[in-house]
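query.cif follows (mmCIF, C-alpha atoms):
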```cif
data_upload
#
loop_
_atom_site.label_atom_id
_atom_site.label_comp_id
_atom_site.auth_asym_id
_atom_site.auth_seq_id
_atom_site.Cartn_x
_atom_site.Cartn_y
_atom_site.Cartn_z
CA MET Z 1 89.33 85.04 129.81
CA PRO Z 2 88.90 81.94 127.58
CA PRO Z 3 89.65 82.44 123.87
CA THR Z 4 86.69 83.05 121.55
CA ASP Z 5 85.92 80.63 118.72
CA ALA Z 6 87.44 83.07 116.23
CA GLN Z 7 90.63 83.35 118.28
CA PHE Z 8 90.90 79.58 118.53
CA GLU Z 9 90.28 79.24 114.79
CA ASN Z 10 93.08 81.71 114.06
CA LEU Z 11 95.49 79.85 116.32
CA ARG Z 12 94.50 76.52 114.79
CA LEU Z 13 95.01 77.81 111.25
CA GLU Z 14 98.37 79.28 112.20
CA LEU Z 15 99.44 75.93 113.65
CA ARG Z 16 98.37 74.04 110.55
CA ARG Z 17 99.74 76.54 108.02
CA GLY Z 18 103.37 75.52 108.45
CA SER Z 19 102.62 71.82 108.31
CA LEU Z 20 100.61 72.14 105.07
CA VAL Z 21 103.74 72.74 102.99
CA LEU Z 22 105.30 69.68 104.57
CA ALA Z 23 102.20 67.61 103.79
CA VAL Z 24 102.12 68.82 100.17
CA LEU Z 25 105.80 68.07 99.63
CA ALA Z 26 105.48 64.65 101.23
CA GLN Z 27 102.44 63.79 99.13
CA LEU Z 28 104.17 64.84 95.93
CA ARG Z 29 106.83 62.19 96.23
CA THR Z 30 104.43 60.56 93.80
CA GLU Z 31 103.19 62.62 90.89
CA GLN Z 32 99.71 64.12 91.12
CA TYR Z 33 97.65 66.98 89.72
CA GLY Z 34 95.99 69.66 91.78
CA TYR Z 35 92.55 68.20 92.32
CA THR Z 36 93.65 64.67 93.19
CA LEU Z 37 96.33 66.05 95.50
CA ARG Z 38 93.71 68.03 97.37
CA LYS Z 39 91.50 64.95 97.66
CA THR Z 40 94.34 62.79 98.93
CA LEU Z 41 95.36 65.38 101.50
CA ALA Z 42 91.74 65.66 102.67
CA GLU Z 43 91.50 61.86 102.99
CA HIS Z 44 94.51 62.02 105.28
CA GLY Z 45 92.85 64.71 107.40
CA MET Z 46 94.80 67.62 105.92
CA SER Z 47 92.04 69.62 104.27
CA ILE Z 48 93.22 72.63 102.33
CA ASP Z 49 91.19 75.15 100.35
CA GLU Z 50 91.53 75.03 96.58
CA GLY Z 51 92.15 78.74 96.59
CA THR Z 52 95.16 78.14 98.81
CA LEU Z 53 96.50 74.86 97.43
CA TYR Z 54 96.71 75.69 93.71
CA PRO Z 55 98.60 78.96 94.18
CA LEU Z 56 100.82 77.18 96.76
CA LEU Z 57 101.81 74.57 94.15
CA ARG Z 58 102.84 77.36 91.79
CA ARG Z 59 104.85 79.04 94.52
CA LEU Z 60 106.66 75.83 95.43
CA GLU Z 61 107.45 75.30 91.77
CA THR Z 62 108.81 78.83 91.45
CA GLN Z 63 110.98 78.11 94.48
CA GLY Z 64 112.37 75.08 92.66
CA LEU Z 65 110.91 72.52 95.07
CA LEU Z 66 108.44 71.09 92.53
CA VAL Z 67 108.51 70.39 88.84
CA SER Z 68 105.41 70.15 86.67
CA GLU Z 69 104.32 69.14 83.21
CA TRP Z 70 101.10 69.17 81.20
CA ARG Z 71 100.05 65.67 80.26
CA GLU Z 72 96.95 63.97 79.01
CA GLU Z 73 95.00 61.65 81.30
CA ASP Z 74 91.49 60.36 80.62
CA LYS Z 75 91.47 62.43 77.42
CA ARG Z 76 92.01 65.56 79.49
CA SER Z 77 95.10 67.66 79.69
CA LYS Z 78 96.26 68.10 83.30
CA ARG Z 79 99.20 69.67 85.01
CA PHE Z 80 101.07 67.08 87.06
CA TYR Z 81 103.39 68.06 89.91
CA ARG Z 82 106.16 66.09 91.60
CA LEU Z 83 109.09 66.79 93.87
CA SER Z 84 112.25 68.14 92.25
CA PRO Z 85 115.69 66.99 93.49
CA ASP Z 86 115.88 70.19 95.56
CA GLY Z 87 112.39 69.46 96.84
CA LYS Z 88 113.44 65.98 97.96
CA LEU Z 89 116.33 67.43 99.92
CA THR Z 90 114.12 70.15 101.45
CA LEU Z 91 111.50 67.57 102.40
CA LYS Z 92 114.16 65.49 104.15
CA GLN Z 93 115.36 68.53 106.10
CA LEU Z 94 111.85 69.65 106.97
CA LEU Z 95 110.89 66.15 108.16
CA ALA Z 96 113.96 66.10 110.42
CA GLU Z 97 112.91 69.50 111.77
CA TRP Z 98 109.36 68.28 112.22
CA LYS Z 99 110.51 65.23 114.20
CA SER Z 100 112.70 67.43 116.37
CA ILE Z 101 109.79 69.82 117.07
CA ASP Z 102 107.51 66.86 117.76
CA SER Z 103 109.90 65.33 120.25
CA SER Z 104 110.54 68.69 121.95
CA LEU Z 105 106.85 69.39 122.22
CA ASN Z 106 106.16 65.95 123.61
CA GLY Z 107 108.79 66.56 126.24
CA ILE Z 108 107.32 69.94 127.13
CA VAL Z 109 103.71 68.71 127.20
CA LYS Z 110 104.54 65.68 129.34
CA GLY Z 111 106.53 67.93 131.66
CA MET M 112 79.78 75.95 82.15
CA GLU M 113 78.80 79.58 81.87
CA LEU M 114 79.26 80.12 85.60
CA LEU M 115 82.73 78.57 85.47
CA ASP M 116 83.69 80.76 82.53
CA ARG M 117 82.55 83.86 84.38
CA TYR M 118 84.48 82.81 87.46
CA LEU M 119 87.65 82.14 85.47
CA SER M 120 87.31 85.43 83.68
CA ALA M 121 87.00 87.23 87.05
CA VAL M 122 90.12 85.51 88.39
CA GLY M 123 91.98 86.12 85.13
CA ALA M 124 91.23 89.84 85.22
CA ASN M 125 93.46 90.14 88.27
CA LEU M 126 96.22 87.72 87.33
CA PRO M 127 99.69 88.70 86.11
CA LYS M 128 99.57 88.65 82.30
CA PRO M 129 102.54 86.33 81.58
CA GLN M 130 101.09 83.43 83.59
CA ARG M 131 97.39 84.19 83.11
CA ASP M 132 96.52 81.62 80.43
CA ASP M 133 98.50 78.83 82.07
CA ILE M 134 96.99 79.44 85.51
CA LEU M 135 93.46 79.65 84.12
CA ARG M 136 93.92 76.48 82.11
CA GLU M 137 95.05 74.59 85.21
CA LEU M 138 92.36 76.11 87.42
CA ALA M 139 89.69 75.24 84.83
CA GLU M 140 90.89 71.63 84.66
CA ASN M 141 90.89 71.26 88.44
CA ILE M 142 87.42 72.72 88.81
CA ARG M 143 86.08 70.58 85.95
CA ALA M 144 87.60 67.48 87.57
CA GLN M 145 85.91 68.39 90.84
CA ILE M 146 82.55 68.94 89.13
CA GLU M 147 82.83 65.64 87.22
CA ASP M 148 83.76 63.86 90.44
CA LYS M 149 80.65 65.18 92.15
CA GLU M 150 78.52 64.32 89.14
CA ALA M 151 79.86 60.74 89.18
CA GLU M 152 79.10 60.53 92.90
CA LEU M 153 75.52 61.81 92.44
CA GLY M 154 74.94 60.00 89.14
CA ARG M 155 73.58 63.16 87.48
CA ALA M 156 74.65 66.57 86.25
CA LEU M 157 75.11 69.26 88.87
CA THR M 158 72.39 71.84 89.20
CA GLU M 159 73.31 75.49 88.87
CA SER M 160 73.22 76.05 92.63
CA GLU M 161 75.50 73.02 93.15
CA GLN M 162 77.92 74.47 90.60
CA GLU M 163 77.73 77.74 92.48
CA ALA M 164 78.67 75.95 95.68
CA VAL M 165 81.74 74.44 94.01
CA LEU M 166 82.90 77.85 92.79
CA ARG M 167 82.18 79.51 96.11
CA GLN M 168 84.38 76.87 97.74
CA HIS M 169 87.27 78.04 95.56
CA GLY M 170 86.95 81.49 97.03
CA ASN M 171 86.60 85.10 96.10
CA PRO M 172 88.22 85.58 92.64
CA LEU M 173 90.06 88.69 93.77
CA ILE M 174 91.61 86.91 96.74
CA VAL M 175 92.41 83.78 94.69
CA ALA M 176 94.13 85.90 92.01
CA GLY M 177 96.05 87.74 94.74
CA ARG M 178 97.40 84.42 96.04
CA TYR M 179 98.78 83.56 92.61
CA ARG M 180 100.80 86.75 92.60
CA HIS M 181 103.45 85.31 94.92
CA ASP M 182 103.70 88.62 96.64
CA ASP M 183 103.97 88.13 100.38
CA ARG M 184 104.24 91.80 101.16
CA SER M 185 101.54 93.35 103.29
CA LEU M 186 100.86 96.60 105.06
CA ALA M 187 101.14 96.45 108.82
CA LEU M 188 100.84 99.15 111.43
CA GLY M 189 101.42 97.18 114.61
CA ARG M 190 99.20 94.49 113.14
CA GLN M 191 98.52 93.62 109.53
CA ILE M 192 95.94 95.98 108.02
CA ILE M 193 96.22 95.03 104.31
CA GLY M 194 97.07 91.36 103.76
CA PRO M 195 99.16 89.75 100.99
CA ALA M 196 96.10 88.87 98.88
CA LEU M 197 94.98 92.49 98.50
CA PHE M 198 98.38 94.13 98.73
CA PRO M 199 99.31 93.82 95.00
CA PHE M 200 96.05 95.54 94.04
CA TYR M 201 96.62 98.21 96.67
CA ILE M 202 100.04 98.96 95.18
CA LYS M 203 98.61 98.93 91.64
CA VAL M 204 95.85 101.42 92.54
CA LEU M 205 98.33 103.58 94.46
CA TRP M 206 100.72 103.80 91.50
CA LEU M 207 97.88 104.57 89.13
CA ASN M 208 96.59 107.27 91.44
CA TRP M 209 100.05 108.80 91.95
CA GLY M 210 100.61 108.79 88.18
CA ILE M 211 97.33 110.59 87.50
CA ALA M 212 97.94 113.06 90.36
CA ALA M 213 101.43 113.79 89.04
CA ILE M 214 100.13 114.41 85.50
CA VAL M 215 97.35 116.71 86.80
CA ALA M 216 99.83 118.62 88.99
CA ALA M 217 102.24 118.98 86.07
CA LEU M 218 99.42 120.29 83.86
CA ILE M 219 98.34 122.83 86.50
CA ILE M 220 101.93 124.06 86.92
CA LEU M 221 102.31 124.26 83.13
CA VAL M 222 99.09 126.28 82.73
CA LEU M 223 99.99 128.62 85.61
CA SER M 224 103.46 129.23 84.20
CA GLN M 225 101.92 129.89 80.77
CA ILE M 226 99.65 132.62 82.15
CA GLY M 227 102.57 134.27 83.89
CA VAL M 228 102.03 133.18 87.51
CA PRO M 229 105.47 132.85 89.11
CA ILE M 230 105.96 129.25 90.26
CA ARG M 231 108.20 128.69 93.26
CA PHE M 232 109.64 125.24 93.76
CA GLY M 233 108.96 124.99 97.54
CA PRO M 234 105.19 125.64 97.59
CA ALA M 235 104.66 123.71 94.33
CA PHE M 236 106.53 120.70 95.74
CA ALA M 237 104.63 120.94 99.05
CA LEU M 238 101.31 121.05 97.16
CA ILE M 239 102.18 117.94 95.13
CA LEU M 240 103.42 116.13 98.24
CA TRP M 241 100.28 117.03 100.17
CA THR M 242 98.04 115.86 97.31
CA LEU M 243 99.87 112.52 97.08
CA LEU M 244 99.72 112.07 100.86
CA ALA M 245 95.99 112.83 101.01
CA ASN M 246 95.30 110.40 98.11
CA THR M 247 97.45 107.72 99.75
CA ILE M 248 95.57 108.05 103.03
CA VAL M 249 92.17 107.81 101.33
CA ILE M 250 93.17 104.77 99.19
CA THR M 251 94.75 103.05 102.19
CA LEU M 252 91.60 103.55 104.26
CA ILE M 253 89.46 102.13 101.44
CA PHE M 254 91.67 99.02 101.17
CA VAL M 255 91.73 98.57 104.96
CA GLY M 256 87.93 98.59 104.79
CA VAL M 257 87.91 96.01 101.98
CA GLU M 258 90.41 93.83 103.86
CA LYS M 259 88.31 93.91 107.01
CA TYR M 260 85.18 93.17 105.00
CA CYS M 261 86.79 90.20 103.24
CA ALA M 262 88.11 88.83 106.52
CA ARG M 263 84.73 89.18 108.18
CA PHE M 264 82.57 87.97 105.32
CA PRO M 265 84.78 85.75 103.11
CA ASP M 266 81.75 84.13 101.46
CA ARG M 267 79.92 87.30 100.56
CA TRP M 268 80.48 87.62 96.86
CA ASP M 269 78.16 87.00 93.98
CA VAL M 270 78.99 83.83 92.06
CA ARG M 271 76.85 85.08 89.19
CA GLN M 272 78.71 88.36 89.00
CA PRO M 273 82.17 87.32 90.20
CA ARG M 274 83.94 90.23 88.50
CA ASP M 275 82.42 92.47 91.16
CA ALA M 276 83.63 89.95 93.76
CA VAL M 277 84.51 92.02 96.77
CA PHE M 278 82.97 95.26 95.82
CA SER M 279 79.49 94.20 94.74
CA ARG M 280 78.29 93.49 98.26
CA LEU M 281 80.37 96.19 99.84
CA ILE M 282 79.12 99.02 97.69
CA ASP M 283 75.83 97.54 96.56
CA TYR M 284 75.48 98.06 92.84
CA GLY M 285 72.47 99.68 91.23
CA GLU M 286 70.04 96.78 91.35
CA ALA M 287 69.10 94.05 93.79
CA ASN M 288 66.69 91.27 92.92
CA GLY M 289 65.39 93.36 90.04
CA THR M 290 64.53 96.32 92.28
CA PRO M 291 66.26 99.55 91.27
CA ARG M 292 68.50 100.97 93.98
CA VAL M 293 70.81 103.91 94.35
CA SER M 294 74.32 102.49 94.39
CA ARG M 295 76.10 103.15 97.69
CA ALA M 296 79.30 103.78 95.75
CA GLU M 297 77.53 106.60 93.98
CA SER M 298 76.22 108.00 97.27
CA VAL M 299 79.67 107.92 98.87
CA THR M 300 81.37 109.46 95.81
CA TYR M 301 78.74 112.17 95.52
CA PHE M 302 78.98 112.99 99.21
CA ILE M 303 82.80 113.19 99.18
CA ALA M 304 82.84 115.35 96.04
CA SER M 305 80.23 117.71 97.49
CA ALA M 306 82.03 117.85 100.85
CA LEU M 307 85.34 118.73 99.18
CA PHE M 308 83.65 121.41 97.12
CA LEU M 309 82.00 122.77 100.27
CA VAL M 310 85.33 122.90 102.12
CA TRP M 311 86.89 124.70 99.16
CA LEU M 312 84.02 127.23 99.06
CA ARG M 313 84.35 127.86 102.79
CA ALA M 314 88.09 128.30 102.37
CA ILE M 315 87.53 130.97 99.72
CA ALA M 316 85.39 132.92 102.18
CA HIS M 317 88.30 133.09 104.62
CA SER M 318 91.14 133.46 102.19
CA ALA M 319 91.07 134.02 98.47
CA PHE M 320 94.56 132.52 98.47
CA TRP M 321 92.97 129.11 98.00
CA THR M 322 91.55 130.26 94.69
CA PHE M 323 94.19 132.52 93.29
CA GLY M 324 97.36 131.41 95.08
CA ALA M 325 100.25 133.71 95.97
CA THR M 326 99.16 136.40 93.50
CA VAL M 327 96.05 137.22 95.52
CA GLY M 328 97.42 140.49 96.98
CA ALA M 329 97.27 142.27 93.63
CA PHE M 330 93.65 141.29 92.93
CA ARG M 331 90.18 141.40 94.39
CA ILE M 332 87.17 139.20 93.80
CA GLU M 333 84.21 140.97 92.18
CA PRO M 334 81.05 141.59 94.33
CA ILE M 335 79.02 139.11 92.29
CA TRP M 336 80.85 136.31 94.07
CA ARG M 337 79.64 137.61 97.47
CA HIS M 338 76.05 137.68 96.17
CA VAL M 339 76.01 134.13 94.96
CA TYR M 340 78.23 132.75 97.70
CA VAL M 341 75.55 131.92 100.30
CA PRO M 342 73.05 130.41 97.83
CA PHE M 343 75.90 128.39 96.34
CA LEU M 344 76.92 127.20 99.81
CA LEU M 345 73.34 126.20 100.64
CA LEU M 346 73.01 124.41 97.31
CA ILE M 347 76.10 122.30 97.94
CA PHE M 348 75.01 121.65 101.52
CA ALA M 349 71.59 120.52 100.30
CA SER M 350 73.18 118.27 97.69
CA MET M 351 75.05 116.47 100.49
CA ILE M 352 71.84 115.45 102.21
CA GLN M 353 70.59 113.34 99.29
CA PRO M 354 73.54 110.86 99.29
CA ILE M 355 73.30 110.50 103.09
CA VAL M 356 69.61 109.63 102.84
CA ASN M 357 70.19 107.27 99.87
CA PHE M 358 73.09 105.56 101.63
CA VAL M 359 70.66 104.55 104.37
CA ARG M 360 67.74 103.98 101.99
CA PRO M 361 69.15 102.88 98.59
CA ASP M 362 65.64 101.94 97.53
CA TRP M 363 64.48 105.60 97.58
CA THR M 364 65.39 106.16 93.95
CA ARG M 365 62.60 108.67 93.39
CA PHE M 366 63.91 110.80 96.24
CA ARG M 367 67.25 111.04 94.41
CA SER M 368 65.56 112.03 91.17
CA ILE M 369 63.41 114.70 92.84
CA VAL M 370 66.29 116.24 94.85
CA ARG M 371 68.71 116.24 91.92
CA THR M 372 66.16 117.70 89.52
CA ALA M 373 65.35 120.49 91.98
CA LEU M 374 69.01 121.17 92.77
CA GLY M 375 69.80 121.11 89.07
CA ILE M 376 67.31 123.92 88.42
CA VAL M 377 68.65 126.04 91.32
CA GLY M 378 72.29 125.33 90.35
CA LEU M 379 71.68 126.34 86.74
CA ALA M 380 70.02 129.58 87.89
CA ILE M 381 73.06 130.45 90.06
CA LEU M 382 75.48 129.60 87.26
CA TYR M 383 73.45 131.75 84.89
CA ILE M 384 73.79 134.73 87.28
CA ILE M 385 77.56 134.17 87.59
CA LEU M 386 78.06 133.88 83.84
CA GLN M 387 75.90 136.95 83.19
CA ALA M 388 77.96 139.01 85.63
CA GLY M 389 81.10 138.45 83.59
CA ASP M 390 84.45 138.85 85.32
CA ILE M 391 85.18 137.30 88.69
CA LEU M 392 88.63 138.81 89.29
CA ALA M 393 89.69 142.43 89.09
CA VAL M 394 93.04 144.15 89.58
CA ARG M 395 93.20 146.01 92.89
CA SER M 396 95.70 148.67 91.88
CA PRO M 397 94.41 151.83 90.07
CA ASN M 398 97.53 151.63 87.86
CA PRO M 399 97.81 147.96 87.08
CA THR M 400 100.82 146.47 85.37
CA ALA M 401 100.40 144.72 82.04
CA ALA M 402 101.34 141.43 83.73
CA ASP M 403 98.59 141.84 86.37
CA LEU M 404 96.01 142.66 83.70
CA HIS M 405 97.11 139.62 81.74
CA VAL M 406 96.73 137.38 84.79
CA ALA M 407 93.27 138.80 85.63
CA GLN M 408 92.11 138.42 82.06
CA THR M 409 93.39 134.85 81.81
CA VAL M 410 91.80 133.87 85.12
CA ASN M 411 88.48 135.37 84.02
CA VAL M 412 88.59 133.50 80.73
CA TRP M 413 89.45 130.25 82.48
CA PHE M 414 86.80 130.85 85.14
CA SER M 415 84.13 131.45 82.50
CA ALA M 416 85.24 128.32 80.67
CA TYR M 417 85.18 126.36 83.95
CA MET M 418 81.72 127.64 84.85
CA THR M 419 80.45 126.83 81.35
CA VAL M 420 81.75 123.28 81.67
CA PHE M 421 80.18 123.10 85.14
CA ALA M 422 76.89 124.36 83.68
CA VAL M 423 76.99 121.70 80.96
CA ALA M 424 77.65 119.05 83.63
CA CYS M 425 74.68 120.40 85.62
CA VAL M 426 72.46 120.23 82.53
CA ILE M 427 73.50 116.61 81.95
CA VAL M 428 72.85 115.62 85.58
CA PHE M 429 69.59 117.56 85.54
CA SER M 430 68.37 115.92 82.32
CA PHE M 431 69.23 112.44 83.58
CA SER M 432 67.48 113.06 86.90
CA ALA M 433 64.47 114.64 85.22
CA ARG M 434 64.24 111.78 82.71
CA ARG M 435 64.47 109.22 85.50
CA LEU M 436 61.85 111.07 87.51
CA ILE M 437 59.44 111.28 84.59
CA ARG M 438 60.00 107.56 83.83
CA ASP M 439 59.34 106.68 87.49
CA LEU M 440 56.19 108.74 87.59
CA LEU M 441 54.93 107.25 84.32
CA LEU M 442 55.67 103.75 85.62
CA ARG M 443 53.80 104.51 88.82
CA TYR M 444 50.90 105.91 86.83
CA ASP M 445 50.84 102.75 84.69
CA ARG M 446 50.87 100.52 87.77
CA LEU M 447 48.08 102.46 89.41
CA GLY M 448 46.17 102.25 86.15
CA SER M 449 46.62 98.49 85.98
CA PHE M 450 45.10 98.08 89.47
CA LYS M 451 41.85 99.68 88.35
#
```
File written out as structure tokens:
Amino acid sequence: MPPTDAQFENLRLELRRGSLVLAVLAQLRTEQYGYTLRKTLAEHGMSIDEGTLYPLLRRLETQGLLVSEWREEDKRSKRFYRLSPDGKLTLKQLLAEWKSIDSSLNGIVKG
Amino acid sequence: MELLDRYLSAVGANLPKPQRDDILRELAENIRAQIEDKEAELGRALTESEQEAVLRQHGNPLIVAGRYRHDDRSLALGRQIIGPALFPFYIKVLWLNWGIAAIVAALIILVLSQIGVPIRFGPAFALILWTLLANTIVITLIFVGVEKYCARFPDRWDVRQPRDAVFSRLIDYGEANGTPRVSRAESVTYFIASALFLVWLRAIAHSAFWTFGATVGAFRIEPIWRHVYVPFLLLIFASMIQPIVNFVRPDWTRFRSIVRTALGIVGLAILYIILQAGDILAVRSPNPTAADLHVAQTVNVWFSAYMTVFAVACVIVFSFSARRLIRDLLLRYDRLGSFK
């Protein structure tokens, strides 16, 4: 029985969920605030809901992977996020893991 | 920005207090930036419906607030039945409910011990445990329903009334597009309350233990109770039909008013008969002990007080229903008049 659209959507979301953290960490090698980060991710084909991204940034900060500060830009106060030293290390490890998964999967898919 | 303020206030209501202001400030800035971006793109200010679309995109305030709670716990029985977004609220409601149930149970035990009813630890503990279990099951089922609803219809929440986020559509508050409606929450609550009362009344018929506990052997219920029992049963049964009908047809507001007014009159008549009859409990033994007499007297006083409170509640419900009915009829009369 072929999967329904809803089943496929669930599988697709599950597949993307893990890689979203990696994308956010990678993007925050340069400092950004929530809205521009979301836009940049979307431009790179990694769309993420606001309702998911903003709480995720807080969680990553609580975990010590990001640091943030309120700063003024265009006469508006915004909260800017960037990678912390721990975040840089985690990103490096996750990227290595990602490459390993990618190469394994390629091997499996190609048979 | 009134819509944005309402949205932020709805999210804030469910955020943890220590981080609330900071989170709302950031969320507000991000949403404003998004709105300004769109305005720059369109070269004009966003209309209200466009602003609504932006807020809807951010998601249901309850779910968004739940994501900020950093609580990944969920309830799973085989598969997840209450997800991480709703789980913190589920726990909050559960604790609140357990707290209230514990206070009520403690008060009941205190009152019973004051009137001389011997309290044994085993049955008292079992009663409390059973109450907590029953409450937990009901609350869990409600949250499972909300979870399923949110998963199925993530976009169904009212941007204009975001505080009611999940529940407004689910339970259908009193008004829709200006048309008065009977809230489904009210119908469900009324039905459950009546059903529980009916079960309790039926239980009394089979065993007076459910009313007077372990001391029942020494007492008997006065005949007046047998006389009013069937009418009382029919009254409660009839009162369960109205919420069923209004759950299906929330727009039948006049039906509710008519049924409740009629039931109010009948209910008050029955309560009048009960209160006129006086005592409900008598001592069985021809040579009662002072302790038994004290218990019977206290129960009768409490029962009279309870029935009086019940009568007052009936009068209030009756007057509201009657007032609503008269208002409806006058409105209808006015409308008919205006057609002439």
Hey, what comes out of the PyMOL selection byres ((chain Z and resi 78-95) around 9) on this file? Could you write it as a PDB file with C-alpha atoms, keeping the file's coordinate frame?
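Wrote selection.pdb, looks like this:
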```
ATOM      1  CA  LEU Z  22     105.300  69.680 104.570  1.00  0.00           C
ATOM      2  CA  LEU Z  25     105.800  68.070  99.630  1.00  0.00           C
ATOM      3  CA  ALA Z  26     105.480  64.650 101.230  1.00  0.00           C
ATOM      4  CA  GLN Z  27     102.440  63.790  99.130  1.00  0.00           C
ATOM      5  CA  LEU Z  28     104.170  64.840  95.930  1.00  0.00           C
ATOM      6  CA  ARG Z  29     106.830  62.190  96.230  1.00  0.00           C
ATOM      7  CA  THR Z  30     104.430  60.560  93.800  1.00  0.00           C
ATOM      8  CA  GLU Z  31     103.190  62.620  90.890  1.00  0.00           C
ATOM      9  CA  GLN Z  32      99.710  64.120  91.120  1.00  0.00           C
ATOM     10  CA  TYR Z  33      97.650  66.980  89.720  1.00  0.00           C
ATOM     11  CA  GLY Z  34      95.990  69.660  91.780  1.00  0.00           C
ATOM     12  CA  LEU Z  57     101.810  74.570  94.150  1.00  0.00           C
ATOM     13  CA  LEU Z  60     106.660  75.830  95.430  1.00  0.00           C
ATOM     14  CA  GLU Z  61     107.450  75.300  91.770  1.00  0.00           C
ATOM     15  CA  GLY Z  64     112.370  75.080  92.660  1.00  0.00           C
ATOM     16  CA  LEU Z  65     110.910  72.520  95.070  1.00  0.00           C
ATOM     17  CA  LEU Z  66     108.440  71.090  92.530  1.00  0.00           C
ATOM     18  CA  VAL Z  67     108.510  70.390  88.840  1.00  0.00           C
ATOM     19  CA  SER Z  68     105.410  70.150  86.670  1.00  0.00           C
ATOM     20  CA  GLU Z  69     104.320  69.140  83.210  1.00  0.00           C
ATOM     21  CA  TRP Z  70     101.100  69.170  81.200  1.00  0.00           C
ATOM     22  CA  ARG Z  71     100.050  65.670  80.260  1.00  0.00           C
ATOM     23  CA  GLU Z  72      96.950  63.970  79.010  1.00  0.00           C
ATOM     24  CA  GLU Z  73      95.000  61.650  81.300  1.00  0.00           C
ATOM     25  CA  ARG Z  76      92.010  65.560  79.490  1.00  0.00           C
ATOM     26  CA  SER Z  77      95.100  67.660  79.690  1.00  0.00           C
ATOM     27  CA  ALA Z  96     113.960  66.100 110.420  1.00  0.00           C
ATOM     28  CA  GLU Z  97     112.910  69.500 111.770  1.00  0.00           C
ATOM     29  CA  TRP Z  98     109.360  68.280 112.220  1.00  0.00           C
ATOM     30  CA  LYS Z  99     110.510  65.230 114.200  1.00  0.00           C
ATOM     31  CA  SER Z 100     112.700  67.430 116.370  1.00  0.00           C
TER      32      SER Z 100
ATOM     33  CA  ARG M 136      93.920  76.480  82.110  1.00  0.00           C
ATOM     34  CA  GLU M 137      95.050  74.590  85.210  1.00  0.00           C
ATOM     35  CA  GLU M 140      90.890  71.630  84.660  1.00  0.00           C
ATOM     36  CA  ASN M 141      90.890  71.260  88.440  1.00  0.00           C
TER      37      ASN M 141
END
```
Item to check | Residues selected by the PyMOL selection byres ((chain M) within 9 of (chain Z)), written as a ChimeraX atom specification | outcome: /M:134,136-138,140-142,144-145,168-172,174-176,178-181
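Summary of the local environment: counting only C-alpha atoms, residues at most 10 Å from M:Leu344, other than itself and those fewer than 2 positions away along its chain, are M:Phe308, M:Leu309, M:Val310, M:Leu312, M:Arg313, M:Val339, M:Tyr340, M:Val341, M:Pro342, M:Leu346, M:Ile347, M:Phe348, M:Ala349, M:Ser350.
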Checklist entry - How many Å separate atom CA of M:His405 from atom CA of M:Leu382? => result 24.5 Å
Item to check | Residues near M:Ile239, cut-off 8 Å, all atoms listed in the file, skip fewer than 3 positions along chain, as a PyMOL selection string | outcome: chain M and resi 213+216+235-236+242-243
Checklist entry - What gap, in Å, lies between atom CA of M:Phe254 and atom CA of M:Ile193? => result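 The value is 6.8 Å.
Once M:Met351 and its same-chain neighbours fewer than 2 positions away are set aside, M:Tyr301, M:Phe302, M:Ser305, M:Ala306, M:Ile347, M:Phe348, M:Ala349, M:Gln353, M:Pro354, M:Ile355 remain within 8 Å of it when counting only C-alpha atoms.
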Checklist entry - Please, what distance in Å, to one decimal, runs between atom CA of M:Trp363 and atom CA of M:Val377? => result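 These two atoms are separated by 21.8 Å.
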Output stretch 81-89 of chain Z as an mmCIF file, in the frame of the given file, making sure N, CA and C atoms are there.
```cif
data_model
loop_
_atom_site.group_PDB
_atom_site.id
_atom_site.type_symbol
_atom_site.label_atom_id
_atom_site.label_comp_id
_atom_site.auth_asym_id
_atom_site.auth_seq_id
_atom_site.Cartn_x
_atom_site.Cartn_y
_atom_site.Cartn_z
ATOM 1 N N TYR Z 81 102.271 67.547 89.097
ATOM 2 C CA TYR Z 81 103.390 68.060 89.910
ATOM 3 C C TYR Z 81 104.098 66.892 90.582
ATOM 4 N N ARG Z 82 105.414 67.042 90.770
ATOM 5 C CA ARG Z 82 106.160 66.090 91.600
ATOM 6 C C ARG Z 82 107.344 66.824 92.208
ATOM 7 N N LEU Z 83 107.947 66.167 93.189
ATOM 8 C CA LEU Z 83 109.090 66.790 93.870
ATOM 9 C C LEU Z 83 110.288 66.897 92.928
ATOM 10 N N SER Z 84 110.997 67.995 93.009
ATOM 11 C CA SER Z 84 112.250 68.140 92.250
ATOM 12 C C SER Z 84 113.387 67.597 93.139
ATOM 13 N N PRO Z 85 114.582 67.429 92.618
ATOM 14 C CA PRO Z 85 115.690 66.990 93.490
ATOM 15 C C PRO Z 85 115.880 67.927 94.685
ATOM 16 N N ASP Z 86 115.782 69.242 94.445
ATOM 17 C CA ASP Z 86 115.880 70.190 95.560
ATOM 18 C C ASP Z 86 114.741 69.990 96.556
ATOM 19 N N GLY Z 87 113.560 69.695 95.997
ATOM 20 C CA GLY Z 87 112.390 69.460 96.840
ATOM 21 C C GLY Z 87 112.584 68.254 97.734
ATOM 22 N N LYS Z 88 113.203 67.205 97.162
ATOM 23 C CA LYS Z 88 113.440 65.980 97.960
ATOM 24 C C LYS Z 88 114.336 66.291 99.143
ATOM 25 N N LEU Z 89 115.388 67.071 98.864
ATOM 26 C CA LEU Z 89 116.330 67.430 99.920
ATOM 27 C C LEU Z 89 115.639 68.288 100.985
#
```
